[in-house]
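Below: the structure, in C-alpha cells.
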Amino acid sequence: MSDSPGFMSGFVALLGRPNVGKSSLCNALVGEKVAITSPAPQTTRHRIAAVQHLPGAQIVWLDTPGLHRPRHLLGRSMVRAAAGALAGADVACLVVDGGFAAPGEGDRRAAWQVSQAACPRLLVVNKVDLVPAGAVPERLMAYAALAPRRAPFDEVLAVSAATGVGCAGLVAAVRRRLPLGPAYFPEDATTDRPEQFLCAELVREQSLLLLRQEVPHAVAVTVDEWQERDAGPLFIGVTLYVERDSQKGIVIGRGGSMLRAIGQAARLEIERRLGTPVYLEIRVRVREGWRDRAGSLETMGLGDRGLR
Ligand SMILES: Nc1nc2c(ncn2[C@@H]2O[C@H](COP(=O)(O)OP(=O)(O)OP(=O)(O)O)[C@@H](O)[C@H]2O)c(=O)[nH]1
Ligand SMILES: [Mg+2]
C-alpha cells in the first residue's frame, strides 16, 4: 500500500569520515549488500541509495563517500556527492566510529557539516560491539559533544552494523521523523544503482581487499560488456584502470596470480548477487593520473554527475 494516505517516506543521509561503517550500516539496514565495504578508507566513491521497505513507510538511506580533505579531483567530486546527499535529506545522520575513545579531527569537521543541515540530525555511534558495555554511555557523551551548542543532535544512538545491535532503534528514530510522502522506489528495489554498477564495485572491492597501500585507491573499474547467452554463463567484461605501469604489474602479479585471485573472488560475489553463473573477464589498463583528469573521471562515471 505504498501510496495510501498516511504513507511516510524520506531520504536519510549517512555522513561521516571514511571508514566509520556507513556502507556496512546501509547493508545491515536493508539486509542486502548494496554497497561495498573494506578496511581501507575512501572505499565508497558514489552516493548510493539503499531502500528499506517497512509497513506504511519507505526509508531511502543515502550512503555517501567519507568526508575527507581531497587530494585529487576525484576526492573533490566525492566530497561534493556527500554534501549533495545532505542538502536533499529529510533526516541527517552523523556516523562515527565508537571503537575510538574520542572523536578525531575528521569527526569534528563532519559534525560541523552535518550541523548546517536544516533537517533533524541524529548521531549514530557505530561499532559499539568493540566497546566494553560499561564504557558505552561515556563514549556517546564524548561524541555528542561534537555538535555545536546551537544545534545539538536530536537523538544519540549506539549501533553495530556488524552485529545488528541498535539498528531497530535507529530505524524507529528515523521513522518517527519521516514526513508524509510517496514510495520513491518500487517494492522490489533495494538500490538506485543498476546491477552493472554493483558488479564493477565488487571487482573494486576485491582490489581493496587484496592489494596494498596506495594501489587500490588508484583502481577504477568499468563494465564494458554484458552478454546474456542462451547457453552458458553470463559474460561480463570489465576494465580495471590503474594510474601507472608499476601498478599494472602489481595488479597482474607474478604469472598473473593477483589478477586471477581478484577475478575469482569477485566472480563468486557477483554470482551470489545475481544468482546465475558468470564468466568474468578483467582487462587491466593504465590511464595516467586519471584521478586528476576531469575527462577521464567523466568517461569512467566518476565525474560529478556519476557520483550523485
Ligand atoms: N567491529 C565492527 N566493524 C565494523 C562495523 N561496521 C563496519 N565495520 C568495519 O569497518 C570497516 C569500514 O566499513 P565501511 O562500511 O566500508 O565504512 P565506510 O564508512 O563506508 O567507509 P568509506 O566508504 O571509506 O567512507 C570495514 O572493515 C567494516 O567491516 C561494526 O559495527 N563493528
Ligand atoms: Mg563506504
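FYI, nothing fancy with the C-alpha cells labels: chains A, B, ... in order, residues from 1 per chain, ligands from 1 as they appear.
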Considering only C-alpha atoms and all ligand atoms, give me a table of residues in chain A that are at most 10 Å from ligand 2, with the closest atom pair and distance in Å for each, as a Markdown table.
| residue | atom | partner | partner_atom_place_in_ligand_line | distance |
| --- | --- | --- | --- | --- |
| A:Leu14 | CA | ligand 2 | 1 (Mg) | 9.8 |
| A:Leu15 | CA | ligand 2 | 1 (Mg) | 9.7 |
| A:Gly16 | CA | ligand 2 | 1 (Mg) | 9.6 |
| A:Arg17 | CA | ligand 2 | 1 (Mg) | 9.6 |
| A:Pro18 | CA | ligand 2 | 1 (Mg) | 7.0 |
| A:Asn19 | CA | ligand 2 | 1 (Mg) | 6.7 |
| A:Val20 | CA | ligand 2 | 1 (Mg) | 8.1 |
| A:Gly21 | CA | ligand 2 | 1 (Mg) | 6.5 |
| A:Lys22 | CA | ligand 2 | 1 (Mg) | 5.4 |
| A:Ser23 | CA | ligand 2 | 1 (Mg) | 4.1 |
| A:Ser24 | CA | ligand 2 | 1 (Mg) | 7.1 |
| A:Leu25 | CA | ligand 2 | 1 (Mg) | 9.1 |
| A:Cys26 | CA | ligand 2 | 1 (Mg) | 9.0 |
| A:Ala35 | CA | ligand 2 | 1 (Mg) | 7.0 |
| A:Ile36 | CA | ligand 2 | 1 (Mg) | 6.8 |
| A:Thr37 | CA | ligand 2 | 1 (Mg) | 5.7 |
| A:Ser38 | CA | ligand 2 | 1 (Mg) | 7.8 |
| A:Pro39 | CA | ligand 2 | 1 (Mg) | 9.8 |
| A:Ala40 | CA | ligand 2 | 1 (Mg) | 9.5 |
| A:Pro41 | CA | ligand 2 | 1 (Mg) | 8.1 |
| A:Gln42 | CA | ligand 2 | 1 (Mg) | 6.8 |
| A:Thr43 | CA | ligand 2 | 1 (Mg) | 5.3 |
| A:Thr44 | CA | ligand 2 | 1 (Mg) | 4.0 |
| A:Arg45 | CA | ligand 2 | 1 (Mg) | 7.6 |
| A:His46 | CA | ligand 2 | 1 (Mg) | 8.7 |
| A:Arg47 | CA | ligand 2 | 1 (Mg) | 9.3 |
| A:Ile48 | CA | ligand 2 | 1 (Mg) | 9.4 |
| A:Asp63 | CA | ligand 2 | 1 (Mg) | 6.8 |
| A:Thr64 | CA | ligand 2 | 1 (Mg) | 6.5 |
| A:Pro65 | CA | ligand 2 | 1 (Mg) | 5.9 |
| A:Gly66 | CA | ligand 2 | 1 (Mg) | 6.7 |
How would the residues just chosen look if you wrote them out with C-alpha atoms as an mmCIF file, in the first residue's frame?
data_model
loop_
_atom_site.group_PDB
_atom_site.id
_atom_site.type_symbol
_atom_site.label_atom_id
_atom_site.label_comp_id
_atom_site.auth_asym_id
_atom_site.auth_seq_id
_atom_site.Cartn_x
_atom_site.Cartn_y
_atom_site.Cartn_z
ATOM 1 C CA LEU A 14 24.566 8.930 6.351
ATOM 2 C CA LEU A 15 27.625 11.141 6.640
ATOM 3 C CA GLY A 16 30.923 10.802 8.415
ATOM 4 C CA ARG A 17 34.635 10.485 7.968
ATOM 5 C CA PRO A 18 35.932 7.500 5.963
ATOM 6 C CA ASN A 19 35.851 4.001 7.473
ATOM 7 C CA VAL A 20 33.303 4.601 10.229
ATOM 8 C CA GLY A 21 30.948 1.982 8.744
ATOM 9 C CA LYS A 22 28.393 3.960 6.701
ATOM 10 C CA SER A 23 28.209 1.368 3.914
ATOM 11 C CA SER A 24 28.172 -1.556 6.355
ATOM 12 C CA LEU A 25 25.264 0.112 8.107
ATOM 13 C CA CYS A 26 23.341 0.550 4.836
ATOM 14 C CA ALA A 35 27.450 -1.083 -1.196
ATOM 15 C CA ILE A 36 30.956 -2.495 -0.999
ATOM 16 C CA THR A 37 32.904 -2.206 2.257
ATOM 17 C CA SER A 38 36.548 -2.604 3.214
ATOM 18 C CA PRO A 39 39.010 -1.779 5.976
ATOM 19 C CA ALA A 40 40.623 0.816 3.660
ATOM 20 C CA PRO A 41 39.394 4.411 3.970
ATOM 21 C CA GLN A 42 37.628 6.033 0.987
ATOM 22 C CA THR A 43 36.050 2.811 -0.195
ATOM 23 C CA THR A 44 32.781 4.430 -1.289
ATOM 24 C CA ARG A 45 33.017 6.916 -4.157
ATOM 25 C CA HIS A 46 29.328 7.402 -5.006
ATOM 26 C CA ARG A 47 26.150 8.407 -3.303
ATOM 27 C CA ILE A 48 24.219 5.142 -3.205
ATOM 28 C CA ASP A 63 25.334 6.023 1.666
ATOM 29 C CA THR A 64 27.964 8.646 0.908
ATOM 30 C CA PRO A 65 31.726 8.863 0.372
ATOM 31 C CA GLY A 66 33.637 9.568 3.586
#
* Apply DSSP to the backbone of this structure and, from segment 155-306 of chain A, keep only the residues in strand (DSSP E); write these as number ranges by chain. => A: 155-158, 220-227, 234-242, 278-286
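Look at segment 161-168 of chain A: the protein and nucleic acid residues within 12 Å of it, using only C-alpha atoms and passing over chain neighbours fewer than 6 places away, are Val20, Gly21, Lys22, Ser23, Ser24, Leu25, Cys26, Asn27, Ala28, Leu29, Val30, Gly31, Thr37, Leu54, Val95, Val96, Asp97, Gly98, Val124, Val125, Asn126, Lys127, Val128, Asp129, Leu130, Val174 and Arg175 of chain A.
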Go ahead and dump the residues you just picked, N, CA and C atoms, as a PDB file, in the first residue's frame.
ATOM      1  N   VAL A  20      34.076   4.716   8.989  1.00  0.00           N
ATOM      2  CA  VAL A  20      33.303   4.601  10.229  1.00  0.00           C
ATOM      3  C   VAL A  20      32.222   3.522  10.140  1.00  0.00           C
ATOM      4  N   GLY A  21      31.932   3.066   8.902  1.00  0.00           N
ATOM      5  CA  GLY A  21      30.948   1.982   8.744  1.00  0.00           C
ATOM      6  C   GLY A  21      29.627   2.402   8.121  1.00  0.00           C
ATOM      7  N   LYS A  22      29.638   3.478   7.336  1.00  0.00           N
ATOM      8  CA  LYS A  22      28.393   3.960   6.701  1.00  0.00           C
ATOM      9  C   LYS A  22      27.825   2.909   5.741  1.00  0.00           C
ATOM     10  N   SER A  23      28.685   2.353   4.899  1.00  0.00           N
ATOM     11  CA  SER A  23      28.209   1.368   3.914  1.00  0.00           C
ATOM     12  C   SER A  23      27.787   0.073   4.604  1.00  0.00           C
ATOM     13  N   SER A  24      28.546  -0.346   5.610  1.00  0.00           N
ATOM     14  CA  SER A  24      28.172  -1.556   6.355  1.00  0.00           C
ATOM     15  C   SER A  24      26.797  -1.382   6.976  1.00  0.00           C
ATOM     16  N   LEU A  25      26.547  -0.192   7.481  1.00  0.00           N
ATOM     17  CA  LEU A  25      25.264   0.112   8.107  1.00  0.00           C
ATOM     18  C   LEU A  25      24.134   0.048   7.077  1.00  0.00           C
ATOM     19  N   CYS A  26      24.358   0.620   5.905  1.00  0.00           N
ATOM     20  CA  CYS A  26      23.341   0.550   4.836  1.00  0.00           C
ATOM     21  C   CYS A  26      23.004  -0.892   4.523  1.00  0.00           C
ATOM     22  N   ASN A  27      24.026  -1.709   4.358  1.00  0.00           N
ATOM     23  CA  ASN A  27      23.796  -3.122   4.024  1.00  0.00           C
ATOM     24  C   ASN A  27      23.026  -3.828   5.137  1.00  0.00           C
ATOM     25  N   ALA A  28      23.403  -3.537   6.380  1.00  0.00           N
ATOM     26  CA  ALA A  28      22.725  -4.175   7.512  1.00  0.00           C
ATOM     27  C   ALA A  28      21.262  -3.738   7.566  1.00  0.00           C
ATOM     28  N   LEU A  29      21.002  -2.478   7.265  1.00  0.00           N
ATOM     29  CA  LEU A  29      19.639  -1.952   7.381  1.00  0.00           C
ATOM     30  C   LEU A  29      18.713  -2.521   6.312  1.00  0.00           C
ATOM     31  N   VAL A  30      19.219  -2.667   5.074  1.00  0.00           N
ATOM     32  CA  VAL A  30      18.334  -3.193   4.018  1.00  0.00           C
ATOM     33  C   VAL A  30      18.469  -4.712   3.878  1.00  0.00           C
ATOM     34  N   GLY A  31      19.398  -5.306   4.621  1.00  0.00           N
ATOM     35  CA  GLY A  31      19.525  -6.759   4.620  1.00  0.00           C
ATOM     36  C   GLY A  31      20.077  -7.314   3.320  1.00  0.00           C
ATOM     37  N   THR A  37      32.280  -2.684   1.017  1.00  0.00           N
ATOM     38  CA  THR A  37      32.904  -2.206   2.257  1.00  0.00           C
ATOM     39  C   THR A  37      34.331  -2.748   2.304  1.00  0.00           C
ATOM     40  N   LEU A  54       9.166  -0.712   4.740  1.00  0.00           N
ATOM     41  CA  LEU A  54       8.526  -1.012   6.029  1.00  0.00           C
ATOM     42  C   LEU A  54       7.022  -0.941   5.837  1.00  0.00           C
ATOM     43  N   VAL A  95      27.594   9.620  11.287  1.00  0.00           N
ATOM     44  CA  VAL A  95      28.048   8.299  11.727  1.00  0.00           C
ATOM     45  C   VAL A  95      29.497   8.432  12.202  1.00  0.00           C
ATOM     46  N   VAL A  96      29.766   7.899  13.399  1.00  0.00           N
ATOM     47  CA  VAL A  96      31.132   7.928  13.932  1.00  0.00           C
ATOM     48  C   VAL A  96      31.529   6.515  14.341  1.00  0.00           C
ATOM     49  N   ASP A  97      32.822   6.323  14.498  1.00  0.00           N
ATOM     50  CA  ASP A  97      33.367   5.010  14.889  1.00  0.00           C
ATOM     51  C   ASP A  97      33.543   5.000  16.404  1.00  0.00           C
ATOM     52  N   GLY A  98      32.580   4.366  17.109  1.00  0.00           N
ATOM     53  CA  GLY A  98      32.639   4.323  18.565  1.00  0.00           C
ATOM     54  C   GLY A  98      33.788   3.477  19.092  1.00  0.00           C
ATOM     55  N   VAL A 124      24.914   8.766  15.180  1.00  0.00           N
ATOM     56  CA  VAL A 124      24.918   7.302  15.157  1.00  0.00           C
ATOM     57  C   VAL A 124      26.334   6.826  15.505  1.00  0.00           C
ATOM     58  N   VAL A 125      26.467   6.306  16.705  1.00  0.00           N
ATOM     59  CA  VAL A 125      27.775   5.820  17.148  1.00  0.00           C
ATOM     60  C   VAL A 125      27.844   4.334  16.797  1.00  0.00           C
ATOM     61  N   ASN A 126      28.599   4.034  15.740  1.00  0.00           N
ATOM     62  CA  ASN A 126      28.673   2.664  15.212  1.00  0.00           C
ATOM     63  C   ASN A 126      29.816   1.885  15.884  1.00  0.00           C
ATOM     64  N   LYS A 127      29.875   0.614  15.628  1.00  0.00           N
ATOM     65  CA  LYS A 127      30.924  -0.295  16.106  1.00  0.00           C
ATOM     66  C   LYS A 127      30.919  -0.437  17.629  1.00  0.00           C
ATOM     67  N   VAL A 128      29.736  -0.330  18.247  1.00  0.00           N
ATOM     68  CA  VAL A 128      29.702  -0.475  19.711  1.00  0.00           C
ATOM     69  C   VAL A 128      30.024  -1.901  20.154  1.00  0.00           C
ATOM     70  N   ASP A 129      30.025  -2.842  19.201  1.00  0.00           N
ATOM     71  CA  ASP A 129      30.474  -4.203  19.559  1.00  0.00           C
ATOM     72  C   ASP A 129      31.931  -4.196  20.013  1.00  0.00           C
ATOM     73  N   LEU A 130      32.667  -3.137  19.656  1.00  0.00           N
ATOM     74  CA  LEU A 130      34.084  -3.054  20.052  1.00  0.00           C
ATOM     75  C   LEU A 130      34.259  -2.351  21.395  1.00  0.00           C
ATOM     76  N   VAL A 174      14.418   7.176  13.031  1.00  0.00           N
ATOM     77  CA  VAL A 174      14.253   7.822  11.725  1.00  0.00           C
ATOM     78  C   VAL A 174      12.774   7.867  11.367  1.00  0.00           C
ATOM     79  N   ARG A 175      12.113   6.762  11.565  1.00  0.00           N
ATOM     80  CA  ARG A 175      10.705   6.648  11.172  1.00  0.00           C
ATOM     81  C   ARG A 175       9.845   7.714  11.844  1.00  0.00           C
TER      82      ARG A 175
END
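As for atom CA of Ser207 of chain A and atom CA of Tyr279 of chain A, they are spaced 18.2 Å apart.
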* Just the residues within 8 Å of segment 253-265 of chain A, please, counting only C-alpha atoms, with nothing from its chain fewer than 6 positions along; format it as a count of residues only. => 7
* segment 215-222 of chain A: which residues within 9 Å, counting only C-alpha atoms, same-chain residues fewer than 3 positions away excluded, as JSON, numbers by chain? -> {"A": [40, 42, 43, 196, 197, 200, 201, 203, 204, 205, 207, 208, 209, 210, 211, 212, 237, 238, 239, 240, 241, 242, 243, 244, 247, 250, 251, 289, 290, 291, 300, 301, 302]}
Print the selection's residues with N, CA and C atoms to a file, as a compact mmCIF listing (two decimals), in the first residue's frame.
# COMPACT_ATOMS: atom_id res chain seq x y z
N ALA A 40 39.89 -0.35 4.18
CA ALA A 40 40.62 0.82 3.66
C ALA A 40 39.71 2.03 3.63
N GLN A 42 38.06 5.57 2.32
CA GLN A 42 37.63 6.03 0.99
C GLN A 42 37.26 4.88 0.06
N THR A 43 36.56 3.92 0.62
CA THR A 43 36.05 2.81 -0.19
C THR A 43 34.91 3.29 -1.10
N GLN A 196 25.01 -3.58 -13.12
CA GLN A 196 26.36 -3.39 -13.69
C GLN A 196 27.24 -2.58 -12.73
N PHE A 197 26.63 -1.60 -12.09
CA PHE A 197 27.38 -0.78 -11.13
C PHE A 197 27.91 -1.65 -10.00
N ALA A 200 30.87 -3.86 -11.06
CA ALA A 200 32.14 -3.11 -11.13
C ALA A 200 32.66 -2.87 -9.71
N GLU A 201 31.75 -2.54 -8.80
CA GLU A 201 32.14 -2.28 -7.42
C GLU A 201 32.68 -3.55 -6.74
N VAL A 203 34.31 -5.93 -8.13
CA VAL A 203 35.69 -6.13 -8.60
C VAL A 203 36.61 -5.17 -7.83
N ARG A 204 36.14 -3.93 -7.67
CA ARG A 204 36.96 -2.95 -6.93
C ARG A 204 37.10 -3.36 -5.46
N GLU A 205 36.07 -3.95 -4.91
CA GLU A 205 36.13 -4.40 -3.51
C GLU A 205 37.26 -5.42 -3.33
N SER A 207 39.89 -5.65 -5.15
CA SER A 207 41.17 -4.92 -5.27
C SER A 207 41.52 -4.27 -3.94
N LEU A 208 40.49 -3.73 -3.28
CA LEU A 208 40.74 -3.09 -1.98
C LEU A 208 41.17 -4.10 -0.94
N LEU A 209 40.62 -5.31 -1.03
CA LEU A 209 40.93 -6.32 -0.02
C LEU A 209 42.27 -6.99 -0.29
N LEU A 210 42.66 -7.12 -1.56
CA LEU A 210 43.85 -7.93 -1.88
C LEU A 210 45.10 -7.10 -2.19
N LEU A 211 44.92 -5.85 -2.61
CA LEU A 211 46.09 -5.03 -2.94
C LEU A 211 46.46 -4.15 -1.74
N ARG A 212 47.69 -3.66 -1.74
CA ARG A 212 48.19 -2.94 -0.56
C ARG A 212 48.36 -1.45 -0.81
N GLY A 237 32.47 -8.39 -19.19
CA GLY A 237 33.82 -7.90 -19.48
C GLY A 237 34.04 -6.56 -18.80
N VAL A 238 35.07 -6.47 -17.96
CA VAL A 238 35.33 -5.21 -17.26
C VAL A 238 36.76 -4.73 -17.55
N THR A 239 36.96 -3.44 -17.43
CA THR A 239 38.31 -2.88 -17.48
C THR A 239 38.67 -2.36 -16.11
N LEU A 240 39.84 -2.75 -15.65
CA LEU A 240 40.35 -2.26 -14.37
C LEU A 240 41.46 -1.26 -14.69
N TYR A 241 41.22 0.00 -14.38
CA TYR A 241 42.20 1.05 -14.67
C TYR A 241 43.11 1.28 -13.46
N VAL A 242 44.39 1.50 -13.76
CA VAL A 242 45.32 1.98 -12.74
C VAL A 242 46.01 3.22 -13.30
N GLU A 243 46.82 3.87 -12.47
CA GLU A 243 47.41 5.14 -12.90
C GLU A 243 48.82 5.02 -13.47
N ARG A 244 49.50 3.91 -13.17
CA ARG A 244 50.90 3.80 -13.61
C ARG A 244 51.22 2.36 -14.04
N GLN A 247 51.87 -0.03 -11.23
CA GLN A 247 50.64 -0.53 -10.57
C GLN A 247 50.01 -1.65 -11.40
N ILE A 250 51.66 -4.79 -10.47
CA ILE A 250 51.23 -5.28 -9.15
C ILE A 250 49.85 -5.94 -9.25
N VAL A 251 48.96 -5.31 -10.01
CA VAL A 251 47.59 -5.85 -10.14
C VAL A 251 47.61 -7.21 -10.84
N GLY A 289 47.39 9.09 -14.22
CA GLY A 289 46.83 10.14 -13.34
C GLY A 289 45.33 10.38 -13.50
N TRP A 290 44.56 9.32 -13.72
CA TRP A 290 43.13 9.53 -14.02
C TRP A 290 42.38 10.23 -12.91
N ARG A 291 42.86 10.11 -11.67
CA ARG A 291 42.10 10.72 -10.56
C ARG A 291 42.11 12.24 -10.61
N MET A 300 34.62 7.55 -16.98
CA MET A 300 34.56 6.39 -16.08
C MET A 300 33.35 6.44 -15.16
N GLY A 301 32.50 7.44 -15.35
CA GLY A 301 31.32 7.57 -14.48
C GLY A 301 31.67 8.07 -13.09
N LEU A 302 32.83 8.72 -12.97
CA LEU A 302 33.27 9.21 -11.66
C LEU A 302 33.31 10.73 -11.60
* What residues in segment 97-218 of chain A get the DSSP label helix (DSSP H, G or I)? Please answer as JSON, numbers by chain. -> {"A": [105, 106, 107, 108, 109, 110, 111, 112, 113, 114, 115, 128, 129, 130, 133, 134, 135, 136, 137, 138, 139, 140, 141, 142, 143, 144, 167, 168, 169, 170, 171, 172, 173, 174, 175, 195, 196, 197, 198, 199, 200, 201, 202, 203, 204, 205, 206, 207, 208, 209, 210, 215, 216, 217, 218]}
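Shortest atom-to-atom contact with Val51 of chain A among A:Ala266, A:Leu198, A:Val12, A:Val223: A:Val12, counting only C-alpha atoms.
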* Asked: Which polymer residues have any atom within 6 Å of an atom of Phe235 of chain A, counting only C-alpha atoms, with same-chain residues fewer than 6 positions away left out, as number ranges by chain?
  -> A: 226-227, 278-279
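The space between atom CA of Tyr143 of chain A and atom CA of Val79 of chain A spans 21.9 Å.
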* Asked: Which residues come within 12 Å of Gln113 of chain A, counting only C-alpha atoms, excluding same-chain residues fewer than 6 positions away, as JSON, numbers by chain?
  -> {"A": [15, 16, 17, 67, 68, 79, 80, 82, 83, 84, 85, 86, 87, 92, 93, 94, 106, 107, 121, 146, 147, 148, 151]}
* **Nearest candidate to ligand 1 (options A:Ala110, A:Val91, A:Gly303, A:Arg267; using only C-alpha atoms and all ligand atoms)** =>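 When distances to ligand 1 are compared using only C-alpha atoms and all ligand atoms, the smallest one comes from A:Ala110.
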* Asked: Out of A:Ala89, A:Met78, A:Ala173, A:Ala183, which residue has the shortest atom-to-atom distance to ligand 1 when counting only C-alpha atoms and all ligand atoms?
  ->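 Under the stated criterion, the closest residue is A:Met78.
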* Counting only C-alpha atoms and all ligand atoms, which of A:Ser160, A:Met8, A:Met141, A:Val34 gets nearest to ligand 1? -> A:Ser160
* Restricting the calculation to only C-alpha atoms and all ligand atoms, which member of A:Pro179, A:Gly99, A:Gly275, A:Gly169 is positioned closest to ligand 1? ->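 Among A:Pro179, A:Gly99, A:Gly275, A:Gly169, it is A:Gly99 that comes nearest to ligand 1.
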* Shortest interatomic distance to ligand 1 - which of A:Gly232, A:Gly75, A:Gly295, A:Gly104, counting only C-alpha atoms and all ligand atoms ->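 Checking each of A:Gly232, A:Gly75, A:Gly295, A:Gly104 against ligand 1, counting only C-alpha atoms and all ligand atoms, the winner is A:Gly75.
Take atom CA of Asp230 of chain A and atom CA of Cys199 of chain A: the distance between them is 20.9 Å.
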